[in-house]
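**Student:** Starting off with a structure, shown below.
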Amino acid sequence: MSLTNRLDAVRDRARPVAVADPQDGLVEAEAAASAGMANDALAAVKARTVQALFARIGARITDSALTDAQLRDLVRAEVVAIVEDEQLMLTADETQRLVKDIEDDALGLGPLQRLLEDESVTEIMVNGHDRVYVERRGRLVRSALTFATEEHLRRVIERIVAKVGRRIDESSPLVDARLEDGSRVNAVVPPLAVNGSSLTIRKFSTTPLQVKDLVAFGTMTPQMAELLHACVEARLNILVSGGTGTGKTTLLNVLSSFIPTDERIVTIEDAVELKLQQDHVVRLESRPANIEGKGEVTIRDLVRNSLRMRPDRIVIGECRGGESLDMLQAMNTGHDGSISTLHANTPRDAIARLETLVLMAGMDLPLRAIREQIASAVDLVVQVTRLRDGTRRITHVTEVIGMEGDTVTLQDAFAFDYAAGVDADGRFRGTTVATGLRPHFMEKFADLGLTVNDSVFAVAGSTGSPW
């Protein structure tokens with residue numbers, strides 16, 4: 001029998017069985033894969049097959065002349081040949097599992113491949129080779145999938161960082177990278193990671209969420225969406241504030257979708273995550289120093305350079321250092337309509353953190369001068385929070401009014417109704433409601449001919465229905 005025929009035969013034998021619920025089936029498949037490979041003889045078969053596979057195909061696994069599909073066909077065919085040569089008596093299910101696992105090990109990211117293909121998983125956290133956690137629907141759960149050894153985990157990490165031209169070892173034990181689909185990766189290896197290598201993957205959505213999706217999820221209300229749309233069109237400078245994993249980048253993507261298509265947009269990020277739908281977009285990404293400590297290009301360098309690129313809008317993925325001063329100066333010198341994110345727990349904390357970040361620029365500026373810069377540059381703070389029930393909500397839409405004495409004054413247009421309490425399942429009953437105060441920037445809307453329905457600012461009842 002030819003190699004092609006043998007491959008066709010194993011594909012027929014390994015045809016997957018349909019499950020009633022795709023989500024339940026995937027979880028069961030994870031458990032079955034982990035338990036089976038750990039507890040039965042298939043684990044030993046897999047180890048021998050992997051060794052034989054690399055002995056057979058050698059350098060062809062990195063042959064750039066072969067397409068991804070050709071490489072996968074090559075690996076599958078060789079696995080079939082090895083199974084036949086060793087006269088292994090495997091069931092169709094075991095054959096399917098063996099081919100899939102070895103294919104993932106040889107060409108993919110091992111056990112992580114299934115998690116990356118699972119659309120319900122938003123984040124993957126590896127705490128050593130035998131402890132893998134995932135985030136599903138805002139909650140952390142432990143996955144049944146594990147790596148065989150620490151060396152197995154290290155091979156996967158090295159494969160990830162090598163694709164972006166980076167290296168990770170004892171001399172450079174901490175790396176930020178990204179996968180081909182844009183997912184953000186952070187890896188830490190010993191000696192910094194004491195209990196074994198650590199890997200964190202923030203998955204990149206293949207289909208960017210739209211404003212209607214955030215309304216459906218309960219992240220924002222239709223009234224907030226209408227106001228934020230008008231704010232972006234009116235070229236207000238907006239800060240998206242929130243903690244880690246609250247959905248700041250997702251919201252930044254949605255807000256950016258409101259930018260008119262005839263404007264030139266420059267995006268600046270540490271690791272490219274934004275996925276703007278407009279045509280006229282220039283995407284810039286910072287670069288860390290190489291192993292000799294040279295070649296670094298910082299976010300601040302890119303912000304300064306972007307001012308010479310005739311941008312209509314500057315969108316900064318995250319302010320975390322001295323670039324905050326350059327951003328404020330840009331906002332105050334004609335580059336209005338800029339949007340950025342930063343880490344803070346409340347709008348007031350966001351202003352305080354921005355003050356601290358400006359000080360990191362190394363300029364000996366008086367605190368009052370910094371606050372005046374902030375008050376004149378920033379128009380709106382949108383606060384995103386991940387609540388105890390795992391849901392992500394916009395909890396404040398706050399206008400920056402100006403200065404009163406030495407204090408930056410803020411006014412909430414929308415605030416989350418925590419007083420509604422939680423239901424029997426622990427989910428918050430409340431939603432984000434209007435405070436009844438009309439923002440001062442409504443005068444700018446009128447000058448630009450933008451209209452916002454008066455009902456947007458109508459005060460709702462104290463208890464909203466849960467989203």
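Residues in the structure tokens are named by chain (A, B, ... in the order shown) and by number from 1 within that chain; ligands are numbered from 1 in the order shown.
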Run DSSP on the backbone of this structure and report the residues of region 357-449 of chain A it assigns to helix (DSSP H, G or I), as a list in words.
**Tutor:**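 Those residues are Leu357, Val358, Leu359, Leu367, Arg368, Ala369, Ile370, Arg371, Glu372, Gln373, Ile374, Ala375, Ser376, Ala377, Tyr418, Ala419, Ala420, Met442, Glu443, Lys444, Phe445, Ala446, Asp447 and Leu448 of chain A.
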**Student:** Those residues you just picked out, can you put them in a file as a PDB file, in the first residue's frame with N, CA and C atoms?
**Tutor:**
ATOM      1  N   LEU A 357       2.879  58.823  35.811  1.00  0.00           N
ATOM      2  CA  LEU A 357       3.524  58.433  34.558  1.00  0.00           C
ATOM      3  C   LEU A 357       4.224  59.620  33.907  1.00  0.00           C
ATOM      4  N   VAL A 358       3.620  60.806  33.999  1.00  0.00           N
ATOM      5  CA  VAL A 358       4.268  61.995  33.444  1.00  0.00           C
ATOM      6  C   VAL A 358       5.569  62.284  34.176  1.00  0.00           C
ATOM      7  N   LEU A 359       5.579  62.094  35.485  1.00  0.00           N
ATOM      8  CA  LEU A 359       6.802  62.307  36.258  1.00  0.00           C
ATOM      9  C   LEU A 359       7.906  61.351  35.835  1.00  0.00           C
ATOM     10  N   LEU A 367       3.822  69.782  40.183  1.00  0.00           N
ATOM     11  CA  LEU A 367       2.630  68.943  40.118  1.00  0.00           C
ATOM     12  C   LEU A 367       1.431  69.715  39.575  1.00  0.00           C
ATOM     13  N   ARG A 368       1.317  70.979  39.919  1.00  0.00           N
ATOM     14  CA  ARG A 368       0.184  71.765  39.418  1.00  0.00           C
ATOM     15  C   ARG A 368       0.248  71.897  37.890  1.00  0.00           C
ATOM     16  N   ALA A 369       1.450  72.067  37.353  1.00  0.00           N
ATOM     17  CA  ALA A 369       1.603  72.195  35.897  1.00  0.00           C
ATOM     18  C   ALA A 369       1.183  70.897  35.205  1.00  0.00           C
ATOM     19  N   ILE A 370       1.523  69.755  35.813  1.00  0.00           N
ATOM     20  CA  ILE A 370       1.134  68.465  35.240  1.00  0.00           C
ATOM     21  C   ILE A 370      -0.388  68.327  35.255  1.00  0.00           C
ATOM     22  N   ARG A 371      -1.003  68.700  36.372  1.00  0.00           N
ATOM     23  CA  ARG A 371      -2.456  68.580  36.480  1.00  0.00           C
ATOM     24  C   ARG A 371      -3.166  69.507  35.492  1.00  0.00           C
ATOM     25  N   GLU A 372      -2.608  70.676  35.268  1.00  0.00           N
ATOM     26  CA  GLU A 372      -3.201  71.576  34.289  1.00  0.00           C
ATOM     27  C   GLU A 372      -3.116  70.990  32.886  1.00  0.00           C
ATOM     28  N   GLN A 373      -1.989  70.343  32.598  1.00  0.00           N
ATOM     29  CA  GLN A 373      -1.839  69.668  31.302  1.00  0.00           C
ATOM     30  C   GLN A 373      -2.893  68.567  31.147  1.00  0.00           C
ATOM     31  N   ILE A 374      -3.078  67.779  32.201  1.00  0.00           N
ATOM     32  CA  ILE A 374      -4.055  66.693  32.151  1.00  0.00           C
ATOM     33  C   ILE A 374      -5.470  67.245  31.975  1.00  0.00           C
ATOM     34  N   ALA A 375      -5.798  68.267  32.772  1.00  0.00           N
ATOM     35  CA  ALA A 375      -7.155  68.823  32.743  1.00  0.00           C
ATOM     36  C   ALA A 375      -7.496  69.437  31.389  1.00  0.00           C
ATOM     37  N   SER A 376      -6.510  70.011  30.709  1.00  0.00           N
ATOM     38  CA  SER A 376      -6.782  70.637  29.420  1.00  0.00           C
ATOM     39  C   SER A 376      -6.704  69.641  28.268  1.00  0.00           C
ATOM     40  N   ALA A 377      -6.014  68.515  28.480  1.00  0.00           N
ATOM     41  CA  ALA A 377      -5.822  67.549  27.394  1.00  0.00           C
ATOM     42  C   ALA A 377      -6.890  66.455  27.395  1.00  0.00           C
ATOM     43  N   TYR A 418     -24.332  49.704  42.007  1.00  0.00           N
ATOM     44  CA  TYR A 418     -23.981  48.571  42.875  1.00  0.00           C
ATOM     45  C   TYR A 418     -25.090  48.295  43.890  1.00  0.00           C
ATOM     46  N   ALA A 419     -25.946  49.282  44.162  1.00  0.00           N
ATOM     47  CA  ALA A 419     -26.960  49.132  45.214  1.00  0.00           C
ATOM     48  C   ALA A 419     -28.009  48.083  44.859  1.00  0.00           C
ATOM     49  N   ALA A 420     -28.091  47.686  43.595  1.00  0.00           N
ATOM     50  CA  ALA A 420     -29.098  46.698  43.202  1.00  0.00           C
ATOM     51  C   ALA A 420     -28.792  45.315  43.758  1.00  0.00           C
ATOM     52  N   MET A 442     -21.163  68.799  25.734  1.00  0.00           N
ATOM     53  CA  MET A 442     -22.344  68.816  24.869  1.00  0.00           C
ATOM     54  C   MET A 442     -22.410  70.101  24.045  1.00  0.00           C
ATOM     55  N   GLU A 443     -21.803  71.180  24.562  1.00  0.00           N
ATOM     56  CA  GLU A 443     -21.744  72.431  23.805  1.00  0.00           C
ATOM     57  C   GLU A 443     -20.909  72.247  22.536  1.00  0.00           C
ATOM     58  N   LYS A 444     -19.845  71.452  22.649  1.00  0.00           N
ATOM     59  CA  LYS A 444     -19.014  71.176  21.469  1.00  0.00           C
ATOM     60  C   LYS A 444     -19.794  70.356  20.454  1.00  0.00           C
ATOM     61  N   PHE A 445     -20.614  69.423  20.941  1.00  0.00           N
ATOM     62  CA  PHE A 445     -21.455  68.636  20.036  1.00  0.00           C
ATOM     63  C   PHE A 445     -22.351  69.556  19.209  1.00  0.00           C
ATOM     64  N   ALA A 446     -22.934  70.536  19.891  1.00  0.00           N
ATOM     65  CA  ALA A 446     -23.845  71.458  19.203  1.00  0.00           C
ATOM     66  C   ALA A 446     -23.109  72.250  18.128  1.00  0.00           C
ATOM     67  N   ASP A 447     -21.873  72.697  18.442  1.00  0.00           N
ATOM     68  CA  ASP A 447     -21.084  73.453  17.460  1.00  0.00           C
ATOM     69  C   ASP A 447     -20.761  72.610  16.232  1.00  0.00           C
ATOM     70  N   LEU A 448     -20.582  71.291  16.430  1.00  0.00           N
ATOM     71  CA  LEU A 448     -20.216  70.392  15.331  1.00  0.00           C
ATOM     72  C   LEU A 448     -21.432  69.813  14.627  1.00  0.00           C
TER      73      LEU A 448
END
**Student:** If you count only C-alpha atoms, which residues fall within 8 Å of Pro208 (chain A), apart from same-chain ones fewer than 6 positions away, as a list of chain:residue names?
**Tutor:**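 Contacts, with the query itself left out: A:Thr250, A:Asn253, A:Lys275.
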**Student:** Next, dump the selected residues to file, keeping only N, CA and C atoms, as a PDB file, in the first residue's frame.
**Tutor:**
ATOM      1  N   THR A 250     -10.126  45.609  24.150  1.00  0.00           N
ATOM      2  CA  THR A 250     -11.355  45.327  23.400  1.00  0.00           C
ATOM      3  C   THR A 250     -12.190  46.592  23.249  1.00  0.00           C
ATOM      4  N   ASN A 253     -10.607  48.971  20.812  1.00  0.00           N
ATOM      5  CA  ASN A 253     -10.922  48.564  19.444  1.00  0.00           C
ATOM      6  C   ASN A 253     -12.296  49.067  19.018  1.00  0.00           C
ATOM      7  N   LYS A 275      -7.093  45.931  16.150  1.00  0.00           N
ATOM      8  CA  LYS A 275      -7.485  45.468  14.819  1.00  0.00           C
ATOM      9  C   LYS A 275      -8.501  46.449  14.262  1.00  0.00           C
TER      10      LYS A 275
END
**Student:** Would you mind listing, for every residue of region 189-238 of chain A within 10 Å of region 332-341 of chain A, the two atoms forming the shortest contact and the distance between them in Å to one decimal, using only C-alpha atoms, sorted by chain and ascending residue number, as CSV?
**Tutor:**
residue,atom,partner,partner_atom,distance
A:Cys231,CA,A:Gly337,CA,8.7
A:Val232,CA,A:Gly337,CA,6.6
A:Glu233,CA,A:Gly337,CA,8.1
A:Ala234,CA,A:Gly337,CA,7.5
A:Arg235,CA,A:Gly337,CA,3.7
A:Leu236,CA,A:Gly337,CA,4.8
A:Asn237,CA,A:Gly337,CA,4.8
A:Ile238,CA,A:Ile339,CA,4.9
**Student:** Kindly export the residues of the current selection with C-alpha atoms, as a CSV table (one decimal), in the first residue's frame.
**Tutor:**
chain,number,residue,atom,x,y,z
A,231,CYS,CA,-17.5,61.6,21.7
A,232,VAL,CA,-15.2,59.9,19.2
A,233,GLU,CA,-16.8,61.8,16.3
A,234,ALA,CA,-16.4,65.0,18.2
A,235,ARG,CA,-12.6,64.3,18.5
A,236,LEU,CA,-12.6,64.2,22.3
A,237,ASN,CA,-9.5,62.9,23.9
A,238,ILE,CA,-10.4,59.6,25.7
**Student:** Given only C-alpha atoms as the basis, pick out the residue of A:Leu98, A:Gly390, A:Phe258, A:Gly165 nearest to Gln277 (chain A).
**Tutor:**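 Nearest candidate to Gln277 (chain A) out of A:Leu98, A:Gly390, A:Phe258, A:Gly165: A:Phe258.
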**Student:** Can you pull out the residues contacting Ala177 (chain A)? Cut-off 12 Å, using only C-alpha atoms, and skip same-chain residues under 3 positions away; I want them as a PyMOL selection string.
**Tutor:** chain A and resi 157-168+174+180-188+199-202+270-273+285-288
**Student:** Just the residues within 9 Å of region 130-138 of chain A, please, counting only C-alpha atoms, with nothing from its chain fewer than 6 positions along; format it as a list in words.
**Tutor:** Leu115, Ser120, Val121, Thr122, Glu123, Ile124, Ala144, Leu145, Thr146, Phe147, Ala148, Thr149, Glu150, Arg386, Asp389, Gly390, Thr391 and Arg392 of chain A
**Student:** Take the selection from the previous step and output its residues with C-alpha atoms, as a short mmCIF file (atom, residue, chain, number, x, y, z; two decimals), in the first residue's frame.
**Tutor:**
data_model
loop_
_atom_site.label_atom_id
_atom_site.label_comp_id
_atom_site.auth_asym_id
_atom_site.auth_seq_id
_atom_site.Cartn_x
_atom_site.Cartn_y
_atom_site.Cartn_z
CA LEU A 115 -6.88 25.47 24.00
CA SER A 120 -14.52 29.80 24.74
CA VAL A 121 -11.00 30.16 26.23
CA THR A 122 -9.86 33.79 26.52
CA GLU A 123 -6.63 33.32 28.46
CA ILE A 124 -4.20 30.45 29.07
CA ALA A 144 -6.97 18.60 32.28
CA LEU A 145 -4.30 19.12 29.63
CA THR A 146 -0.67 19.15 30.77
CA PHE A 147 2.83 19.01 29.33
CA ALA A 148 4.75 15.75 29.62
CA THR A 149 7.87 17.32 31.18
CA GLU A 150 9.49 20.68 31.86
CA ARG A 386 -14.27 43.01 35.93
CA ASP A 389 -19.31 37.56 39.02
CA GLY A 390 -16.76 37.49 36.19
CA THR A 391 -18.59 39.96 33.94
CA ARG A 392 -16.84 42.98 32.46
#
**Student:** In Å, how far is it from CA of Phe457 (chain A) to CA of Asp412 (chain A)?
**Tutor:**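 Atom-to-atom, CA of Phe457 (chain A) and CA of Asp412 (chain A) are spaced 11.1 Å apart.
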**Student:** Restricting the calculation to only C-alpha atoms, which member of A:Val266, A:Leu214, A:Val99, A:Leu328 is positioned closest to Val378 (chain A)?
**Tutor:**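 For Val378 (chain A), the nearest of the given residues is A:Leu328.
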**Student:** Using DSSP on the backbone coordinates, identify the residues of region 62-213 of chain A assigned to strand (DSSP E or B); present them as a PyMOL selection string.
**Tutor:** chain A and resi 121-127+132-136+139-142+169+172+174-178+184-188+198-202
**Student:** Find the spatial neighbours of Arg264 (chain A), counting only C-alpha atoms, within a cut-off of 7 Å - ignore same-chain residues fewer than 6 positions away - and output them as a ChimeraX atom specification.
**Tutor:** /A:280-281,311-313
**Student:** Please produce a file of the residues just selected, as a PDB file, in the first residue's frame, where the atoms kept are N, CA and C atoms.
**Tutor:**
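Final file, result.pdb:
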ATOM      1  N   HIS A 280      -7.002  53.600   6.232  1.00  0.00           N
ATOM      2  CA  HIS A 280      -5.852  54.495   6.371  1.00  0.00           C
ATOM      3  C   HIS A 280      -5.283  54.404   7.796  1.00  0.00           C
ATOM      4  N   VAL A 281      -4.588  53.310   8.061  1.00  0.00           N
ATOM      5  CA  VAL A 281      -4.040  53.054   9.397  1.00  0.00           C
ATOM      6  C   VAL A 281      -2.559  52.716   9.282  1.00  0.00           C
ATOM      7  N   PRO A 311      -0.659  62.642  11.538  1.00  0.00           N
ATOM      8  CA  PRO A 311      -1.811  61.842  11.973  1.00  0.00           C
ATOM      9  C   PRO A 311      -3.031  62.702  12.242  1.00  0.00           C
ATOM     10  N   ASP A 312      -4.215  62.184  11.900  1.00  0.00           N
ATOM     11  CA  ASP A 312      -5.462  62.797  12.355  1.00  0.00           C
ATOM     12  C   ASP A 312      -5.804  62.294  13.753  1.00  0.00           C
ATOM     13  N   ARG A 313      -5.458  61.025  14.012  1.00  0.00           N
ATOM     14  CA  ARG A 313      -5.690  60.425  15.332  1.00  0.00           C
ATOM     15  C   ARG A 313      -4.450  59.625  15.734  1.00  0.00           C
TER      16      ARG A 313
END
**Student:** How far is it from CA of Phe217 (chain A) to CA of Ser256 (chain A), in Å with one decimal?
**Tutor:** 18.9 Å
**Student:** Which distance in Å separates CA of Ala361 (chain A) and CA of Ala344 (chain A), to one decimal?
**Tutor:**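 Spanning CA of Ala361 (chain A) to CA of Ala344 (chain A) is a straight-line distance of 18.9 Å.
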